[in-house]
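With PDB, C-alpha atoms inside, this is protein_21.pdb:
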ATOM      1  CA  MET Y   1      19.249   1.113 -26.987
ATOM      2  CA  VAL Y   2      16.791  -1.532 -28.247
ATOM      3  CA  LYS Y   3      18.646  -4.228 -26.306
ATOM      4  CA  GLN Y   4      18.579  -2.114 -23.152
ATOM      5  CA  GLU Y   5      14.854  -1.449 -23.505
ATOM      6  CA  ARG Y   6      14.230  -5.156 -23.993
ATOM      7  CA  ALA Y   7      16.222  -5.913 -20.839
ATOM      8  CA  LEU Y   8      14.196  -3.388 -18.850
ATOM      9  CA  ARG Y   9      10.939  -4.861 -20.117
ATOM     10  CA  THR Y  10      12.098  -8.354 -19.169
ATOM     11  CA  ARG Y  11      13.077  -7.148 -15.698
ATOM     12  CA  ASP Y  12       9.686  -5.479 -15.215
ATOM     13  CA  THR Y  13       7.915  -8.609 -16.431
ATOM     14  CA  LEU Y  14       9.851 -10.774 -13.972
ATOM     15  CA  ILE Y  15       8.986  -8.458 -11.083
ATOM     16  CA  ARG Y  16       5.299  -8.513 -11.949
ATOM     17  CA  SER Y  17       5.350 -12.287 -12.476
ATOM     18  CA  ALA Y  18       7.029 -12.774  -9.100
ATOM     19  CA  ALA Y  19       4.404 -10.588  -7.468
ATOM     20  CA  GLU Y  20       1.618 -12.622  -9.092
ATOM     21  CA  ILE Y  21       3.131 -15.910  -7.919
ATOM     22  CA  PHE Y  22       3.722 -14.570  -4.390
ATOM     23  CA  ASP Y  23       0.151 -13.256  -4.304
ATOM     24  CA  ARG Y  24      -1.347 -16.496  -5.609
ATOM     25  CA  GLU Y  25       0.815 -19.179  -3.995
ATOM     26  CA  GLY Y  26       2.562 -17.445  -1.114
ATOM     27  CA  PHE Y  27       6.217 -16.504  -0.857
ATOM     28  CA  ALA Y  28       7.463 -19.656   0.865
ATOM     29  CA  VAL Y  29       6.333 -22.077  -1.847
ATOM     30  CA  ALA Y  30       6.879 -19.782  -4.826
ATOM     31  CA  SER Y  31       9.593 -21.126  -7.127
ATOM     32  CA  LEU Y  32      11.833 -19.342  -9.593
ATOM     33  CA  THR Y  33      10.761 -21.853 -12.222
ATOM     34  CA  ALA Y  34       7.109 -20.880 -11.776
ATOM     35  CA  ILE Y  35       8.050 -17.200 -11.977
ATOM     36  CA  SER Y  36      10.161 -17.582 -15.118
ATOM     37  CA  THR Y  37       7.460 -19.709 -16.760
ATOM     38  CA  LEU Y  38       4.794 -17.083 -16.065
ATOM     39  CA  ALA Y  39       7.131 -14.370 -17.382
ATOM     40  CA  GLY Y  40       7.814 -16.389 -20.518
ATOM     41  CA  VAL Y  41      11.587 -16.444 -20.070
ATOM     42  CA  SER Y  42      14.148 -19.114 -19.274
ATOM     43  CA  ASN Y  43      15.627 -19.689 -15.818
ATOM     44  CA  GLY Y  44      18.911 -18.470 -17.264
ATOM     45  CA  ALA Y  45      17.336 -15.190 -18.318
ATOM     46  CA  LEU Y  46      15.842 -14.797 -14.866
ATOM     47  CA  HIS Y  47      19.228 -15.330 -13.200
ATOM     48  CA  HIS Y  48      20.762 -12.811 -15.578
ATOM     49  CA  HIS Y  49      18.585 -10.160 -13.942
ATOM     50  CA  PHE Y  50      18.301 -11.548 -10.405
ATOM     51  CA  ILE Y  51      20.940 -13.797  -8.859
ATOM     52  CA  SER Y  52      18.530 -15.304  -6.356
ATOM     53  CA  LYS Y  53      14.949 -15.460  -5.154
ATOM     54  CA  ALA Y  54      15.938 -13.033  -2.392
ATOM     55  CA  ALA Y  55      17.192 -10.470  -4.909
ATOM     56  CA  LEU Y  56      13.997 -10.758  -6.950
ATOM     57  CA  THR Y  57      11.883 -10.424  -3.808
ATOM     58  CA  ASP Y  58      13.795  -7.307  -2.781
ATOM     59  CA  ALA Y  59      13.054  -5.835  -6.203
ATOM     60  CA  VAL Y  60       9.334  -6.567  -5.811
ATOM     61  CA  GLU Y  61       9.333  -4.730  -2.487
ATOM     62  CA  GLU Y  62      11.219  -1.749  -3.923
ATOM     63  CA  VAL Y  63       8.777  -1.373  -6.805
ATOM     64  CA  ALA Y  64       5.867  -1.809  -4.399
ATOM     65  CA  LEU Y  65       7.235   1.009  -2.245
ATOM     66  CA  ASN Y  66       7.346   3.276  -5.289
ATOM     67  CA  ARG Y  67       3.707   2.414  -5.945
ATOM     68  CA  LEU Y  68       2.853   3.228  -2.327
ATOM     69  CA  LEU Y  69       4.711   6.538  -2.587
ATOM     70  CA  ALA Y  70       2.594   7.378  -5.630
ATOM     71  CA  VAL Y  71      -0.514   6.817  -3.492
ATOM     72  CA  THR Y  72       0.632   8.848  -0.479
ATOM     73  CA  GLU Y  73       2.730  11.624  -1.982
ATOM     74  CA  ALA Y  74      -0.122  14.003  -2.669
ATOM     75  CA  VAL Y  75      -0.157  17.773  -2.398
ATOM     76  CA  LEU Y  76      -2.764  19.018   0.052
ATOM     77  CA  PRO Y  77      -5.430  20.791  -2.058
ATOM     78  CA  LEU Y  78      -6.022  24.440  -1.255
ATOM     79  CA  GLY Y  79      -8.456  24.691   1.634
ATOM     80  CA  ALA Y  80      -8.474  20.933   2.331
ATOM     81  CA  SER Y  81      -7.780  19.543   5.776
ATOM     82  CA  ARG Y  82      -5.214  16.951   6.798
ATOM     83  CA  MET Y  83      -8.042  14.656   7.848
ATOM     84  CA  GLN Y  84      -9.646  14.868   4.416
ATOM     85  CA  LEU Y  85      -6.261  14.070   2.897
ATOM     86  CA  LEU Y  86      -6.041  10.992   5.127
ATOM     87  CA  VAL Y  87      -9.542   9.876   4.165
ATOM     88  CA  ASP Y  88      -8.767  10.342   0.475
ATOM     89  CA  VAL Y  89      -5.468   8.471   0.663
ATOM     90  CA  THR Y  90      -7.012   5.488   2.458
ATOM     91  CA  HIS Y  91      -9.537   5.263  -0.371
ATOM     92  CA  ARG Y  92      -6.738   5.450  -2.927
ATOM     93  CA  LEU Y  93      -4.734   2.798  -1.102
ATOM     94  CA  ALA Y  94      -7.662   0.386  -0.962
ATOM     95  CA  THR Y  95      -8.297   0.849  -4.680
ATOM     96  CA  ALA Y  96      -4.614   0.384  -5.516
ATOM     97  CA  LEU Y  97      -4.355  -2.767  -3.409
ATOM     98  CA  GLY Y  98      -7.291  -4.229  -5.279
ATOM     99  CA  GLU Y  99      -5.880  -3.402  -8.703
ATOM    100  CA  ASP Y 100      -2.081  -3.548  -8.391
ATOM    101  CA  VAL Y 101      -0.643  -7.002  -7.711
ATOM    102  CA  VAL Y 102       2.875  -5.643  -7.139
ATOM    103  CA  LEU Y 103       1.691  -3.275  -4.404
ATOM    104  CA  ARG Y 104      -0.430  -6.024  -2.915
ATOM    105  CA  ALA Y 105       2.488  -8.468  -2.909
ATOM    106  CA  GLY Y 106       4.704  -5.838  -1.297
ATOM    107  CA  PHE Y 107       2.293  -5.513   1.610
ATOM    108  CA  GLU Y 108       1.996  -9.290   1.893
ATOM    109  CA  LEU Y 109       5.776  -9.662   2.028
ATOM    110  CA  SER Y 110       5.856  -7.248   4.967
ATOM    111  CA  GLY Y 111       3.992  -9.886   6.956
ATOM    112  CA  GLU Y 112       6.031 -12.851   5.705
ATOM    113  CA  MET Y 113       7.387 -14.744   8.727
ATOM    114  CA  SER Y 114      10.070 -16.719   6.878
ATOM    115  CA  ARG Y 115      12.193 -13.663   6.032
ATOM    116  CA  PRO Y 116      12.718 -10.135   7.312
ATOM    117  CA  PRO Y 117      11.333  -7.575   4.865
ATOM    118  CA  HIS Y 118      13.789  -5.651   2.735
ATOM    119  CA  VAL Y 119      11.248  -2.826   2.624
ATOM    120  CA  ASP Y 120       8.487  -3.012   5.245
ATOM    121  CA  LEU Y 121       5.496  -1.414   3.502
ATOM    122  CA  ARG Y 122       3.186  -1.848   6.467
ATOM    123  CA  GLU Y 123       5.661  -0.058   8.711
ATOM    124  CA  TRP Y 124       6.149   2.680   6.094
ATOM    125  CA  TRP Y 125       2.384   3.119   5.880
ATOM    126  CA  ARG Y 126       2.124   3.327   9.694
ATOM    127  CA  ARG Y 127       4.713   6.102   9.806
ATOM    128  CA  TRP Y 128       2.941   8.061   7.073
ATOM    129  CA  VAL Y 129      -0.414   7.817   8.865
ATOM    130  CA  GLU Y 130       1.142   8.864  12.180
ATOM    131  CA  GLU Y 131       2.909  11.865  10.639
ATOM    132  CA  THR Y 132      -0.256  13.009   8.853
ATOM    133  CA  LEU Y 133      -2.255  12.765  12.066
ATOM    134  CA  LYS Y 134       0.394  14.634  14.063
ATOM    135  CA  GLN Y 135       0.061  17.458  11.535
ATOM    136  CA  ALA Y 136      -3.725  17.299  11.836
ATOM    137  CA  GLU Y 137      -3.434  17.447  15.617
ATOM    138  CA  SER Y 138      -1.123  20.470  15.514
ATOM    139  CA  GLU Y 139      -3.598  22.242  13.231
ATOM    140  CA  GLY Y 140      -6.521  21.653  15.602
ATOM    141  CA  GLU Y 141      -8.244  19.004  13.513
ATOM    142  CA  LEU Y 142      -8.507  16.404  16.273
ATOM    143  CA  ARG Y 143     -10.689  16.449  19.362
ATOM    144  CA  THR Y 144      -8.886  17.421  22.544
ATOM    145  CA  ASP Y 145      -9.773  14.130  24.237
ATOM    146  CA  VAL Y 146      -7.943  11.997  21.636
ATOM    147  CA  THR Y 147      -4.353  11.979  20.426
ATOM    148  CA  ALA Y 148      -2.775  11.484  17.026
ATOM    149  CA  SER Y 149      -1.417   8.175  18.302
ATOM    150  CA  ASP Y 150      -4.906   7.007  19.296
ATOM    151  CA  VAL Y 151      -6.353   7.718  15.867
ATOM    152  CA  ALA Y 152      -3.309   6.345  14.032
ATOM    153  CA  SER Y 153      -3.657   3.016  15.831
ATOM    154  CA  ALA Y 154      -7.247   2.707  14.653
ATOM    155  CA  VAL Y 155      -6.498   3.769  11.074
ATOM    156  CA  VAL Y 156      -3.481   1.484  10.655
ATOM    157  CA  ALA Y 157      -5.208  -1.497  12.254
ATOM    158  CA  ALA Y 158      -8.249  -1.070  10.025
ATOM    159  CA  THR Y 159      -6.452  -0.430   6.743
ATOM    160  CA  VAL Y 160      -3.938  -3.245   7.189
ATOM    161  CA  GLY Y 161      -6.824  -5.455   8.229
ATOM    162  CA  PHE Y 162      -8.689  -4.552   5.033
ATOM    163  CA  GLU Y 163      -5.521  -5.375   3.066
ATOM    164  CA  VAL Y 164      -5.234  -8.836   4.641
ATOM    165  CA  LEU Y 165      -8.935  -9.665   4.400
ATOM    166  CA  GLY Y 166      -9.053  -8.321   0.858
ATOM    167  CA  LEU Y 167      -6.790 -11.149  -0.271
ATOM    168  CA  ARG Y 168      -9.765 -13.476   0.036
ATOM    169  CA  GLU Y 169     -12.743 -11.174  -0.389
ATOM    170  CA  ALA Y 170     -12.531  -8.081  -2.595
ATOM    171  CA  GLU Y 171     -15.354  -6.326  -0.745
ATOM    172  CA  TRP Y 172     -12.930  -5.490   2.082
ATOM    173  CA  LEU Y 173     -11.062  -3.173  -0.299
ATOM    174  CA  SER Y 174     -14.171  -1.522  -1.700
ATOM    175  CA  ALA Y 175     -14.985   2.169  -1.406
ATOM    176  CA  SER Y 176     -18.080   1.315   0.642
ATOM    177  CA  THR Y 177     -16.011  -0.523   3.258
ATOM    178  CA  VAL Y 178     -13.577   2.380   3.645
ATOM    179  CA  THR Y 179     -16.464   4.860   3.750
ATOM    180  CA  ARG Y 180     -18.252   2.937   6.521
ATOM    181  CA  PHE Y 181     -15.022   2.875   8.538
ATOM    182  CA  TRP Y 182     -14.644   6.661   8.352
ATOM    183  CA  ARG Y 183     -18.303   7.221   9.223
ATOM    184  CA  LEU Y 184     -17.670   5.351  12.441
ATOM    185  CA  LEU Y 185     -14.270   6.822  13.274
ATOM    186  CA  LEU Y 186     -14.512  10.498  12.356
ATOM    187  CA  PRO Y 187     -17.129  11.504  14.971
ATOM    188  CA  THR Y 188     -14.834  10.157  17.700
ATOM    189  CA  ALA Y 189     -11.722  11.844  16.302
ATOM    190  CA  VAL Y 190     -12.727  15.202  14.814
ATOM    191  CA  PRO Y 191     -14.368  18.218  16.521
ATOM    192  CA  ALA Y 192     -18.057  18.565  15.708
ATOM    193  CA  THR Y 193     -17.399  21.984  14.167
ATOM    194  CA  LEU Y 194     -15.177  20.382  11.502
ATOM    195  CA  LEU Y 195     -17.062  17.150  10.967
ATOM    196  CA  GLY Y 196     -19.497  18.574   8.431
ATOM    197  CA  ASP Y 197     -16.650  19.618   6.142
ATOM    198  CA  LEU Y 198     -15.316  16.076   5.752
ATOM    199  CA  GLU Y 199     -16.454  13.604   3.110
ATOM    200  CA  CYS Y 200     -16.167   9.997   4.222
ATOM    201  CA  GLU Y 201     -16.574   8.869   0.616
ATOM    202  CA  GLY Y 202     -13.431  10.783  -0.316
ATOM    203  CA  THR Y 203     -13.153  13.741  -2.631
ATOM    204  CA  CYS Y 204     -11.908  13.948  -6.205
ATOM    205  CA  PRO Y 205      -8.696  11.980  -6.963
ATOM    206  CA  LEU Y 206      -5.622  13.822  -5.687
TER     207      LEU Y 206
END

Write-out of the structure in structure tokens:
Amino acid sequence: MVKQERALRTRDTLIRSAAEIFDREGFAVASLTAISTLAGVSNGALHHHFISKAALTDAVEEVALNRLLAVTEAVLPLGASRMQLLVDVTHRLATALGEDVVLRAGFELSGEMSRPPHVDLREWWRRWVEETLKQAESEGELRTDVTASDVASAVVAATVGFEVLGLREAEWLSASTVTRFWRLLLPTAVPATLLGDLECEGTCPL
């Protein structure tokens, strides 16, 4: 049991170290030697867990997806609207991207041109946003002159843009940036009768 726990810890450390190297140096130039050095293990130990850089990268993306699921898989609070859920989750995502290097690396790998993603986090995020907005539309939470697709395009473009820009300047992933975005978007997307019930700053953590 102790040996198995040690192996799991080593595997987790390698995944995090890979994410840190990908985040800092970029996937294309990241080397297994740099990853194993950061993790404090030998190249042999690394290859014991991952036969190749591709296998390790796939593992980073899989863990990153689990982190994204933890952000998006929230139960709608009693009395809350789908739009408030979407606002809250975008705030949570921005915070998580700023704090969690594995999640951040997973999103970065989705845009990596040198390899097709094993798990495309940006595409997964787009589908979640679209589904949430379709539910909001069916429940009368969107204005009649806009569609769920219209609003989803704006939300996905903005949030992925914040993710990319946040790699260089943390302010793009701040609560104030996300709040300003919703203050601009919500009046064009939500009926005036519902607008006053929404908090652009987000509500309590879900």

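Residues in contact range of segment 150-153 of chain Y, defined as at most 7 Å between all atoms listed in the file, with sequence neighbours fewer than 5 positions away removed, read Y:Val129, Y:Glu130, Y:Leu133, Y:Ala189.
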
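Distances to Val89 of chain Y were evaluated for Y:Trp172, Y:Phe22, Y:Trp128, Y:Phe162 using only C-alpha atoms, and the minimum falls at Y:Trp128.
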
Spell out the residues picked by the PyMOL selection byres ((chain Y and resi 33-41) around 6) here, as a PDB file with C-alpha atoms, keeping the file's coordinate frame.
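Generated file (selection-v4.pdb):
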ATOM      1  CA  THR Y  13       7.915  -8.609 -16.431  1.00  0.00           C
ATOM      2  CA  LEU Y  14       9.851 -10.774 -13.972  1.00  0.00           C
ATOM      3  CA  SER Y  17       5.350 -12.287 -12.476  1.00  0.00           C
ATOM      4  CA  ALA Y  18       7.029 -12.774  -9.100  1.00  0.00           C
ATOM      5  CA  SER Y  31       9.593 -21.126  -7.127  1.00  0.00           C
ATOM      6  CA  LEU Y  32      11.833 -19.342  -9.593  1.00  0.00           C
ATOM      7  CA  SER Y  42      14.148 -19.114 -19.274  1.00  0.00           C
ATOM      8  CA  ASN Y  43      15.627 -19.689 -15.818  1.00  0.00           C
TER       9      ASN Y  43
END

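The smallest atom-to-atom distance between Gly202 of chain Y and any of Y:Val178, Y:Ala70, Y:Leu186, Y:Val156, using only C-alpha atoms, is found for Y:Val178.
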
Legend entry - Ground truth for the PyMOL selection byres ((chain Y and resi 62) around 10), written as a list in words: Leu56, Thr57, Asp58, Ala59, Val60, Glu61, Val63, Ala64, Leu65, Asn66, Arg67, Leu68, Val102, Leu103, Gly106, His118, Val119, Asp120 and Leu121 of chain Y

Those same residues, written as a PDB file, keeping the file's coordinate frame with C-alpha atoms?
ATOM      1  CA  LEU Y  56      13.997 -10.758  -6.950  1.00  0.00           C
ATOM      2  CA  THR Y  57      11.883 -10.424  -3.808  1.00  0.00           C
ATOM      3  CA  ASP Y  58      13.795  -7.307  -2.781  1.00  0.00           C
ATOM      4  CA  ALA Y  59      13.054  -5.835  -6.203  1.00  0.00           C
ATOM      5  CA  VAL Y  60       9.334  -6.567  -5.811  1.00  0.00           C
ATOM      6  CA  GLU Y  61       9.333  -4.730  -2.487  1.00  0.00           C
ATOM      7  CA  VAL Y  63       8.777  -1.373  -6.805  1.00  0.00           C
ATOM      8  CA  ALA Y  64       5.867  -1.809  -4.399  1.00  0.00           C
ATOM      9  CA  LEU Y  65       7.235   1.009  -2.245  1.00  0.00           C
ATOM     10  CA  ASN Y  66       7.346   3.276  -5.289  1.00  0.00           C
ATOM     11  CA  ARG Y  67       3.707   2.414  -5.945  1.00  0.00           C
ATOM     12  CA  LEU Y  68       2.853   3.228  -2.327  1.00  0.00           C
ATOM     13  CA  VAL Y 102       2.875  -5.643  -7.139  1.00  0.00           C
ATOM     14  CA  LEU Y 103       1.691  -3.275  -4.404  1.00  0.00           C
ATOM     15  CA  GLY Y 106       4.704  -5.838  -1.297  1.00  0.00           C
ATOM     16  CA  HIS Y 118      13.789  -5.651   2.735  1.00  0.00           C
ATOM     17  CA  VAL Y 119      11.248  -2.826   2.624  1.00  0.00           C
ATOM     18  CA  ASP Y 120       8.487  -3.012   5.245  1.00  0.00           C
ATOM     19  CA  LEU Y 121       5.496  -1.414   3.502  1.00  0.00           C
TER      20      LEU Y 121
END

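Shortest atom-to-atom contact with Leu142 of chain Y among Y:Ala55, Y:Leu46, Y:Leu78, Y:Leu194: Y:Leu194, counting only C-alpha atoms.
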
Legend entry - Point-to-point distance from atom CA of Asp197 of chain Y to atom CA of Val87 of chain Y, Å rounded to tenths: 12.2 Å

Inset, instruction - Go through Y:His47, Y:Ile21, Y:Ala148, Y:Ser176 and flag the residue nearest Gln135 of chain Y, using all atoms listed in the file for the distances. - result: Y:Ala148

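Using all atoms listed in the file, the protein and nucleic acid residues lying no more than 10 Å from Glu201 of chain Y, apart from those fewer than 4 places from it along its own chain, are Y:Gln84, Y:Val87, Y:Asp88, Y:His91, Y:Ala175, Y:Ser176, Y:Thr177, Y:Val178, Y:Thr179, Y:Arg180, Y:Trp182, Y:Arg183.
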
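When the PyMOL selection byres ((chain Y and resi 136) around 10) is evaluated on the file shown here, the picked residues come out as Ser81, Arg82, Met83, Gln84, Leu85, Leu86, Glu130, Glu131, Thr132, Leu133, Lys134, Gln135, Glu137, Ser138, Glu139, Gly140, Glu141, Leu142, Ala148 and Val190 of chain Y.
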
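One distance worth recording is that between atom CA of Ala105 of chain Y and atom CA of Arg16 of chain Y, which is 9.5 Å.
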
Inset, instruction - Quick one: pull the distance between atom CA of Ala170 of chain Y and atom CA of Cys200 of chain Y, Å, one decimal. - result: 19.7 Å

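Distances here use only C-alpha atoms; by that measure, the residue among Y:Asp12, Y:Asp23, Y:Glu163, Y:Glu5 closest to Ala96 of chain Y is Y:Glu163.
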
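Distances from Y:Arg143, Y:Glu112, Y:Ala80, Y:Leu184 to Leu198 of chain Y were compared using all atoms listed in the file, and the smallest one belongs to Y:Ala80.
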